[in-house]
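*Asks:* Sharing a structure, written as C-alpha cells. Questions coming.
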Amino acid sequence: MSGLEDEIKEIEDELQRTVYNKATSKHIGRLKAKLAKIRDEAVQRAMKSAGSGEGYSVKKSGDGTVVLVGFPSVGKSTLLNQLTGQESEVAAYAFTTLTVVPGILEHKGAKIQILDIPGLIAGAAMGKGRGKEVIAVVRSADLILILGDVYNGRHVDVLMRELYDAGIRINKPKPDITIKKSGNGGIRLNYVGDEALDIEEVRSILAENKIMNADVLIRGNVSQDDFIDAMIGNRVYIPAFIAINKVDLVDAKTRAEIEGELTERFGEKPYMISAHSGYNVDTLKDGIYEHLGFMRVYMKPLGGPADMEEPLIVRSDSTIEDVCRRLHRDFVDKFRYAKIWGKSVKHDAQRVGLQHKLKDRDIVTIVTRF
Ligand SMILES: Nc1nc2c(ncn2[C@@H]2O[C@H](COP(=O)(O)OP(=O)(O)OP(=O)(O)O)[C@@H](O)[C@H]2O)c(=O)[nH]1
Ligand SMILES: [K+]
Ligand SMILES: [Mg+2]
C-alpha cells in the first residue's frame, strides 16, 4: 500500500468509528472533506499519468445522448446494434470494443444518440483499462444506461462506485450551493429555506481546503457530502437507470431473484432484457425516452396554425432560449419575444422572454427582428 492509500484507509476507519451527532458533525465534516480532497488529488494525478491520450472525439447529435456503461462482455455492443441498427463488433471475449461507437435510436419522434463504449472495470476512475477516455465520454452524456448481465447483475454497485469516484453523481439534482471566495471577513453563511448545515460544519469543511474567507449561499436541503462536492467542484449530475441483459440464459426463478434484489437496492425495477433476441428491448426504448425526460413542444409560425404533426423534442427543463438554439443559430441574437399557449403560462398567447421554462405540449411562436 502507498502512503496515500494508508492515509485514506486511516480516515475511512475513523469515519466508521465516529457516530454522527451535533457534537461530532464538525469533526466528521472535516474528515470527509479531507478524504474527498485526497481522493480528488489521487484521481487527478492518475489521470495525468494516464497520458495526454487522444480521447474519443464523439460529436453529440440528436435530441439527447445515452451512454451504455457496463463490465466487459455484458452485451453493450449487441444492445447498441439492436437499438440502432449499427454494426458494432460483438464477440465472446472482453474488450472487443476499443473505441466509442455511436448509433441513432429513433423513438416516439425523438432521435436519441446511443454510445457504445469499451467495458468499464474496477479502478476505471483511476484510469485503469482506458478509464480516462471512457469516463470523459460518460461525463458528457445526458443519461447513463448501466448494463449488467445475469452473471454479474449483483455487482452493479462496483460500477456505481467507479462513477462516483469519477465525480459523477447519479439521479440527484445539482445541490444549489454557491461558494464565493473573498479577501477577508471570514465565512459568511446564508440560507434560502432550512438551515441545512451549521456554520461550524461549513467552516471546518472549507478550512480543510484552506478557504478562510468566503460568502456561502445554500438553497434548500443539502448534506455535508453535497457541500464537499460543491467545494471541490468538477462534479456532474446525470440521471441513470439499470438494465440486466442475457435473461435468456437463466430460468424464471433466477430472473425474479436478480430483479427483486436490484429493485430493493436501487429503489427502481431494472429492465430485464435479452439484447440478443430483442426480448423487452421495446420496453427499454420507452424507458430510455422517459429517463431522458423529454417533452414535446409544438411550433406555431406567427399568424399561422401550429404544426401539431411534428413536435420539437426537448429536455423537460428547457427554456425558450434552448428552443431558439435548436431552431436557428441566429434566433437567440434576433429574439424579441415568444408567445405561448399551454401549461407553462397563465393565459393563451402570453408573451414571455428567453428564460421562460416550457412545459410538455406547449405551443410556441417565436418573434424575431429581421
Ligand atoms: N445469450 C445471450 N448472449 C448475449 C446477449 N447479448 C450479448 N450476448 C453475447 O455476449 C457476448 C458479448 O457481447 P458484446 O456485445 O460483445 O458485449 P460488450 O459488452 O460490447 O463487450 P466489450 O465490448 O468487450 O466490453 C457475445 O458473445 C454476445 O453474443 C444476450 O442477450 N443473450
Ligand atoms: K465482448
Ligand atoms: Mg462491445
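So you can find residues: chains in the C-alpha cells are A, B, ... in the order shown, residues in each start at 1, and ligands are numbered from 1 in order.
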Contacts of segment 179-191 of chain A at 12 Å or less, counting only C-alpha atoms, minus same-chain residues fewer than 6 places along, as an MDAnalysis selection string?

*Replies:* chainID A and resid 197:207 209:222 227:233

*Asks:* Produce a file of the selected residues containing N, CA and C atoms, as a compact mmCIF listing (two decimals), in the first residue's frame.

*Replies:*
```txt
# COMPACT_ATOMS: atom_id res chain seq x y z
N LEU A 197 -26.92 23.15 7.08
CA LEU A 197 -25.65 22.84 7.75
C LEU A 197 -25.36 23.99 8.70
N ASP A 198 -24.68 23.69 9.83
CA ASP A 198 -24.39 24.83 10.68
C ASP A 198 -23.04 25.44 10.33
N ILE A 199 -22.85 26.64 10.79
CA ILE A 199 -21.69 27.44 10.39
C ILE A 199 -20.37 26.76 10.76
N GLU A 200 -20.38 26.02 11.87
CA GLU A 200 -19.15 25.33 12.29
C GLU A 200 -18.77 24.23 11.32
N GLU A 201 -19.78 23.48 10.87
CA GLU A 201 -19.52 22.43 9.88
C GLU A 201 -18.95 23.04 8.61
N VAL A 202 -19.62 24.10 8.15
CA VAL A 202 -19.21 24.75 6.91
C VAL A 202 -17.78 25.29 7.03
N ARG A 203 -17.52 25.92 8.17
CA ARG A 203 -16.19 26.50 8.40
C ARG A 203 -15.10 25.42 8.37
N SER A 204 -15.36 24.31 9.07
CA SER A 204 -14.30 23.30 9.15
C SER A 204 -14.09 22.60 7.80
N ILE A 205 -15.17 22.44 7.04
CA ILE A 205 -15.02 21.83 5.71
C ILE A 205 -14.20 22.75 4.80
N LEU A 206 -14.54 24.02 4.81
CA LEU A 206 -13.83 24.97 3.95
C LEU A 206 -12.37 25.12 4.39
N ALA A 207 -12.15 25.08 5.72
CA ALA A 207 -10.78 25.23 6.23
C ALA A 207 -9.89 24.10 5.71
N ASN A 209 -9.89 22.94 2.93
CA ASN A 209 -9.46 23.33 1.58
C ASN A 209 -8.80 24.71 1.60
N LYS A 210 -8.40 25.14 2.80
CA LYS A 210 -7.72 26.41 3.00
C LYS A 210 -8.54 27.62 2.56
N ILE A 211 -9.85 27.49 2.64
CA ILE A 211 -10.71 28.64 2.35
C ILE A 211 -11.15 29.24 3.69
N MET A 212 -10.63 30.42 4.00
CA MET A 212 -10.91 31.05 5.29
C MET A 212 -11.90 32.20 5.15
N ASN A 213 -12.00 32.75 3.94
CA ASN A 213 -12.91 33.88 3.69
C ASN A 213 -13.78 33.56 2.49
N ALA A 214 -15.09 33.57 2.70
CA ALA A 214 -15.98 33.29 1.57
C ALA A 214 -17.43 33.64 1.92
N ASP A 215 -18.18 34.00 0.88
CA ASP A 215 -19.63 34.14 1.02
C ASP A 215 -20.26 32.87 0.53
N VAL A 216 -21.05 32.24 1.39
CA VAL A 216 -21.66 30.95 1.05
C VAL A 216 -23.17 31.11 1.04
N LEU A 217 -23.79 30.63 -0.03
CA LEU A 217 -25.25 30.65 -0.10
C LEU A 217 -25.76 29.24 -0.35
N ILE A 218 -26.61 28.76 0.54
CA ILE A 218 -27.18 27.41 0.41
C ILE A 218 -28.69 27.54 0.22
N ARG A 219 -29.18 26.96 -0.87
CA ARG A 219 -30.63 26.97 -1.11
C ARG A 219 -31.16 25.56 -0.95
N GLY A 220 -32.12 25.39 -0.04
CA GLY A 220 -32.77 24.09 0.12
C GLY A 220 -31.94 23.16 0.98
N ASN A 221 -32.35 21.89 1.02
CA ASN A 221 -31.73 20.92 1.90
C ASN A 221 -30.49 20.31 1.26
N VAL A 222 -29.34 20.46 1.87
CA VAL A 222 -28.12 19.84 1.33
C VAL A 222 -27.40 19.10 2.46
N PHE A 227 -22.06 19.53 0.13
CA PHE A 227 -21.28 20.74 0.32
C PHE A 227 -19.81 20.51 -0.08
N ILE A 228 -19.30 19.34 0.29
CA ILE A 228 -17.92 19.00 -0.08
C ILE A 228 -17.80 18.91 -1.61
N ASP A 229 -18.80 18.32 -2.25
CA ASP A 229 -18.82 18.27 -3.72
C ASP A 229 -18.75 19.67 -4.31
N ALA A 230 -19.55 20.57 -3.74
CA ALA A 230 -19.58 21.94 -4.27
C ALA A 230 -18.22 22.61 -4.08
N MET A 231 -17.57 22.32 -2.97
CA MET A 231 -16.27 22.92 -2.68
C MET A 231 -15.21 22.41 -3.66
N ILE A 232 -15.19 21.11 -3.88
CA ILE A 232 -14.18 20.54 -4.76
C ILE A 232 -14.50 20.85 -6.23
N GLY A 233 -15.78 20.91 -6.55
CA GLY A 233 -16.19 21.25 -7.91
C GLY A 233 -16.00 20.06 -8.84
```

*Asks:* Residues within 7 Å of ligand 1 should be enumerated using only C-alpha atoms and all ligand atoms and returned as a PDB file with N, CA and C atoms, in the first residue's frame.

*Replies:*
```pdb
ATOM      1  N   GLY A  70     -21.010  -0.588 -18.732  1.00  0.00           N
ATOM      2  CA  GLY A  70     -21.082  -1.928 -18.145  1.00  0.00           C
ATOM      3  C   GLY A  70     -19.734  -2.619 -18.174  1.00  0.00           C
ATOM      4  N   PHE A  71     -19.612  -3.710 -17.415  1.00  0.00           N
ATOM      5  CA  PHE A  71     -18.392  -4.512 -17.451  1.00  0.00           C
ATOM      6  C   PHE A  71     -18.186  -5.062 -18.856  1.00  0.00           C
ATOM      7  N   PRO A  72     -16.969  -5.518 -19.164  1.00  0.00           N
ATOM      8  CA  PRO A  72     -16.732  -6.129 -20.468  1.00  0.00           C
ATOM      9  C   PRO A  72     -17.697  -7.291 -20.734  1.00  0.00           C
ATOM     10  N   SER A  73     -18.127  -7.401 -21.975  1.00  0.00           N
ATOM     11  CA  SER A  73     -18.914  -8.552 -22.450  1.00  0.00           C
ATOM     12  C   SER A  73     -20.305  -8.724 -21.852  1.00  0.00           C
ATOM     13  N   VAL A  74     -20.874  -7.683 -21.255  1.00  0.00           N
ATOM     14  CA  VAL A  74     -22.257  -7.803 -20.787  1.00  0.00           C
ATOM     15  C   VAL A  74     -23.252  -7.682 -21.942  1.00  0.00           C
ATOM     16  N   GLY A  75     -22.756  -7.219 -23.095  1.00  0.00           N
ATOM     17  CA  GLY A  75     -23.631  -7.124 -24.273  1.00  0.00           C
ATOM     18  C   GLY A  75     -23.950  -5.694 -24.697  1.00  0.00           C
ATOM     19  N   LYS A  76     -23.060  -4.762 -24.397  1.00  0.00           N
ATOM     20  CA  LYS A  76     -23.292  -3.359 -24.760  1.00  0.00           C
ATOM     21  C   LYS A  76     -23.394  -3.193 -26.275  1.00  0.00           C
ATOM     22  N   SER A  77     -22.455  -3.813 -26.993  1.00  0.00           N
ATOM     23  CA  SER A  77     -22.450  -3.664 -28.451  1.00  0.00           C
ATOM     24  C   SER A  77     -23.653  -4.363 -29.074  1.00  0.00           C
ATOM     25  N   THR A  78     -23.993  -5.529 -28.545  1.00  0.00           N
ATOM     26  CA  THR A  78     -25.172  -6.252 -29.026  1.00  0.00           C
ATOM     27  C   THR A  78     -26.409  -5.361 -28.855  1.00  0.00           C
ATOM     28  N   LEU A  79     -26.485  -4.687 -27.717  1.00  0.00           N
ATOM     29  CA  LEU A  79     -27.635  -3.824 -27.445  1.00  0.00           C
ATOM     30  C   LEU A  79     -27.636  -2.602 -28.368  1.00  0.00           C
ATOM     31  N   GLU A  89     -18.868  -4.205 -33.336  1.00  0.00           N
ATOM     32  CA  GLU A  89     -18.371  -5.579 -33.277  1.00  0.00           C
ATOM     33  C   GLU A  89     -18.776  -6.281 -31.977  1.00  0.00           C
ATOM     34  N   VAL A  90     -19.259  -7.496 -32.134  1.00  0.00           N
ATOM     35  CA  VAL A  90     -19.694  -8.309 -30.994  1.00  0.00           C
ATOM     36  C   VAL A  90     -18.826  -9.557 -30.937  1.00  0.00           C
ATOM     37  N   ALA A  91     -18.329  -9.920 -29.761  1.00  0.00           N
ATOM     38  CA  ALA A  91     -17.581 -11.174 -29.628  1.00  0.00           C
ATOM     39  C   ALA A  91     -17.587 -11.633 -28.179  1.00  0.00           C
ATOM     40  N   ALA A  92     -17.213 -12.896 -27.978  1.00  0.00           N
ATOM     41  CA  ALA A  92     -17.312 -13.503 -26.643  1.00  0.00           C
ATOM     42  C   ALA A  92     -16.145 -13.142 -25.732  1.00  0.00           C
ATOM     43  N   TYR A  93     -15.174 -12.347 -26.205  1.00  0.00           N
ATOM     44  CA  TYR A  93     -14.043 -12.002 -25.329  1.00  0.00           C
ATOM     45  C   TYR A  93     -14.135 -10.545 -24.864  1.00  0.00           C
ATOM     46  N   ALA A  94     -13.525 -10.270 -23.695  1.00  0.00           N
ATOM     47  CA  ALA A  94     -13.574  -8.931 -23.106  1.00  0.00           C
ATOM     48  C   ALA A  94     -12.797  -7.923 -23.947  1.00  0.00           C
ATOM     49  N   PHE A  95     -13.215  -6.688 -23.891  1.00  0.00           N
ATOM     50  CA  PHE A  95     -12.592  -5.580 -24.629  1.00  0.00           C
ATOM     51  C   PHE A  95     -12.614  -5.770 -26.136  1.00  0.00           C
ATOM     52  N   THR A  96     -13.724  -6.254 -26.627  1.00  0.00           N
ATOM     53  CA  THR A  96     -13.926  -6.300 -28.072  1.00  0.00           C
ATOM     54  C   THR A  96     -14.026  -4.872 -28.606  1.00  0.00           C
ATOM     55  N   THR A  97     -14.802  -4.055 -27.897  1.00  0.00           N
ATOM     56  CA  THR A  97     -14.969  -2.659 -28.317  1.00  0.00           C
ATOM     57  C   THR A  97     -13.832  -1.825 -27.720  1.00  0.00           C
ATOM     58  N   LEU A  98     -13.111  -1.114 -28.593  1.00  0.00           N
ATOM     59  CA  LEU A  98     -11.971  -0.331 -28.105  1.00  0.00           C
ATOM     60  C   LEU A  98     -12.138   1.167 -28.312  1.00  0.00           C
ATOM     61  N   ILE A 117     -19.429   1.947 -25.625  1.00  0.00           N
ATOM     62  CA  ILE A 117     -18.049   2.249 -25.233  1.00  0.00           C
ATOM     63  C   ILE A 117     -17.340   0.983 -24.757  1.00  0.00           C
ATOM     64  N   PRO A 118     -16.016   1.043 -24.592  1.00  0.00           N
ATOM     65  CA  PRO A 118     -15.316  -0.124 -24.038  1.00  0.00           C
ATOM     66  C   PRO A 118     -15.832  -0.441 -22.643  1.00  0.00           C
ATOM     67  N   GLY A 119     -15.675  -1.678 -22.216  1.00  0.00           N
ATOM     68  CA  GLY A 119     -16.127  -2.093 -20.889  1.00  0.00           C
ATOM     69  C   GLY A 119     -15.425  -1.319 -19.791  1.00  0.00           C
ATOM     70  N   ASN A 245     -28.976  -7.764 -18.840  1.00  0.00           N
ATOM     71  CA  ASN A 245     -29.015  -8.451 -20.133  1.00  0.00           C
ATOM     72  C   ASN A 245     -28.848  -9.970 -19.985  1.00  0.00           C
ATOM     73  N   LYS A 246     -29.097 -10.653 -21.068  1.00  0.00           N
ATOM     74  CA  LYS A 246     -28.918 -12.115 -21.187  1.00  0.00           C
ATOM     75  C   LYS A 246     -29.888 -12.906 -20.317  1.00  0.00           C
ATOM     76  N   VAL A 247     -31.097 -12.376 -20.131  1.00  0.00           N
ATOM     77  CA  VAL A 247     -32.058 -13.106 -19.294  1.00  0.00           C
ATOM     78  C   VAL A 247     -32.477 -14.426 -19.941  1.00  0.00           C
ATOM     79  N   ASP A 248     -32.174 -14.589 -21.244  1.00  0.00           N
ATOM     80  CA  ASP A 248     -32.480 -15.865 -21.914  1.00  0.00           C
ATOM     81  C   ASP A 248     -31.647 -17.019 -21.354  1.00  0.00           C
ATOM     82  N   LEU A 249     -30.576 -16.680 -20.619  1.00  0.00           N
ATOM     83  CA  LEU A 249     -29.672 -17.735 -20.155  1.00  0.00           C
ATOM     84  C   LEU A 249     -30.023 -18.318 -18.786  1.00  0.00           C
ATOM     85  N   ILE A 273     -33.678  -7.738 -19.874  1.00  0.00           N
ATOM     86  CA  ILE A 273     -33.734  -7.834 -21.334  1.00  0.00           C
ATOM     87  C   ILE A 273     -32.860  -8.957 -21.898  1.00  0.00           C
ATOM     88  N   SER A 274     -33.094  -9.237 -23.173  1.00  0.00           N
ATOM     89  CA  SER A 274     -32.125 -10.015 -23.937  1.00  0.00           C
ATOM     90  C   SER A 274     -31.806  -9.207 -25.195  1.00  0.00           C
ATOM     91  N   ALA A 275     -30.631  -8.612 -25.204  1.00  0.00           N
ATOM     92  CA  ALA A 275     -30.232  -7.793 -26.350  1.00  0.00           C
ATOM     93  C   ALA A 275     -30.118  -8.669 -27.591  1.00  0.00           C
ATOM     94  N   HIS A 276     -29.737  -9.920 -27.357  1.00  0.00           N
ATOM     95  CA  HIS A 276     -29.517 -10.849 -28.465  1.00  0.00           C
ATOM     96  C   HIS A 276     -30.829 -11.195 -29.178  1.00  0.00           C
ATOM     97  N   SER A 277     -31.850 -11.555 -28.406  1.00  0.00           N
ATOM     98  CA  SER A 277     -33.128 -11.958 -29.026  1.00  0.00           C
ATOM     99  C   SER A 277     -34.067 -10.771 -29.226  1.00  0.00           C
TER     100      SER A 277
END
```

*Asks:* Looking only at the backbone, which of the residues in segment 191-364 of chain A does DSSP tag as alpha helix (DSSP H), as an MDAnalysis selection string?

*Replies:* chainID A and resid 199:208 224:232 252:266 281:291 320:327 331:334

*Asks:* Within 9 Å of Met299 of chain A, counting only C-alpha atoms, which residues show up once you throw out same-chain ones fewer than 4 positions away? Write them as JSON, numbers by chain, please.

*Replies:* {"A": [305, 306, 307, 308, 310, 311, 312, 362, 363, 364, 365, 366]}

*Asks:* If we count only C-alpha atoms and set the cut-off at 12 Å, which residues sit around Asp286 of chain A, ignoring sequence neighbours fewer than 2 positions away in its own chain? Please answer as a list of chain:residue names.

*Replies:*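 Near neighbours after the sequence-gap exclusion: A:Leu83, A:Leu105, A:Glu106, A:His107, A:Lys108, A:Gly109, A:Ala110, A:Ile112, A:Tyr271, A:Asn280, A:Val281, A:Asp282, A:Thr283, A:Leu284, A:Ile288, A:Tyr289, A:Glu290, A:His291, A:Leu292, A:Gly293, A:Phe294.
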
*Asks:* Would you please give, as a PyMOL selection string, all residues of segment 81-286 of chain A that DSSP assigns to strand (DSSP E) based on the backbone?

*Replies:* chain A and resi 101-107+110-116+143-149+168-170+176-181+187-192+214-219+236-238+240-245+271-272

*Asks:* Please save C-alpha atoms of the selected residues as an mmCIF file, in the first residue's frame.

*Replies:*
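That gives us selection_36.cif:
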```
data_model
loop_
_atom_site.group_PDB
_atom_site.id
_atom_site.type_symbol
_atom_site.label_atom_id
_atom_site.label_comp_id
_atom_site.auth_asym_id
_atom_site.auth_seq_id
_atom_site.Cartn_x
_atom_site.Cartn_y
_atom_site.Cartn_z
ATOM 1 C CA VAL A 101 -19.322 3.608 -31.433
ATOM 2 C CA PRO A 102 -22.339 5.898 -31.848
ATOM 3 C CA GLY A 103 -25.751 4.964 -33.219
ATOM 4 C CA ILE A 104 -29.110 6.698 -33.508
ATOM 5 C CA LEU A 105 -32.303 5.307 -31.992
ATOM 6 C CA GLU A 106 -35.495 6.811 -33.385
ATOM 7 C CA HIS A 107 -38.330 6.523 -30.919
ATOM 8 C CA ALA A 110 -37.113 11.631 -30.932
ATOM 9 C CA LYS A 111 -33.664 10.951 -32.335
ATOM 10 C CA ILE A 112 -31.597 9.572 -29.486
ATOM 11 C CA GLN A 113 -27.850 9.124 -29.775
ATOM 12 C CA ILE A 114 -26.626 5.905 -28.163
ATOM 13 C CA LEU A 115 -22.921 5.484 -27.399
ATOM 14 C CA ASP A 116 -21.335 2.049 -27.128
ATOM 15 C CA LEU A 143 -28.315 9.705 -19.471
ATOM 16 C CA ILE A 144 -26.373 6.657 -18.299
ATOM 17 C CA LEU A 145 -27.743 3.205 -19.009
ATOM 18 C CA ILE A 146 -25.998 0.873 -16.596
ATOM 19 C CA LEU A 147 -25.916 -2.540 -18.205
ATOM 20 C CA GLY A 148 -25.263 -5.703 -16.249
ATOM 21 C CA ASP A 149 -25.915 -9.286 -17.217
ATOM 22 C CA ILE A 168 -20.384 11.523 -11.442
ATOM 23 C CA ARG A 169 -23.453 11.904 -9.216
ATOM 24 C CA ILE A 170 -26.374 9.939 -10.495
ATOM 25 C CA ASP A 176 -27.871 24.663 -5.016
ATOM 26 C CA ILE A 177 -24.716 25.880 -3.268
ATOM 27 C CA THR A 178 -22.635 28.933 -4.112
ATOM 28 C CA ILE A 179 -19.191 29.438 -2.574
ATOM 29 C CA LYS A 180 -17.666 32.792 -3.460
ATOM 30 C CA LYS A 181 -14.163 33.288 -2.089
ATOM 31 C CA ILE A 187 -17.026 32.704 6.355
ATOM 32 C CA ARG A 188 -20.416 34.332 5.840
ATOM 33 C CA LEU A 189 -23.230 31.825 5.506
ATOM 34 C CA ASN A 190 -26.717 32.482 4.156
ATOM 35 C CA TYR A 191 -29.649 30.162 3.573
ATOM 36 C CA VAL A 192 -32.735 30.182 1.465
ATOM 37 C CA ALA A 214 -15.980 33.294 1.569
ATOM 38 C CA ASP A 215 -19.631 34.144 1.023
ATOM 39 C CA VAL A 216 -21.658 30.952 1.051
ATOM 40 C CA LEU A 217 -25.251 30.655 -0.101
ATOM 41 C CA ILE A 218 -27.182 27.414 0.414
ATOM 42 C CA ARG A 219 -30.631 26.969 -1.111
ATOM 43 C CA VAL A 236 -21.543 16.251 -12.912
ATOM 44 C CA TYR A 237 -25.158 15.300 -12.159
ATOM 45 C CA ILE A 238 -26.601 12.751 -14.584
ATOM 46 C CA ALA A 240 -29.104 6.791 -14.731
ATOM 47 C CA PHE A 241 -31.005 3.519 -14.718
ATOM 48 C CA ILE A 242 -30.236 -0.194 -14.796
ATOM 49 C CA ALA A 243 -30.883 -2.937 -17.324
ATOM 50 C CA ILE A 244 -29.860 -6.575 -16.930
ATOM 51 C CA ASN A 245 -29.015 -8.451 -20.133
ATOM 52 C CA TYR A 271 -35.184 -3.646 -17.152
ATOM 53 C CA MET A 272 -34.703 -7.392 -17.672
#
```
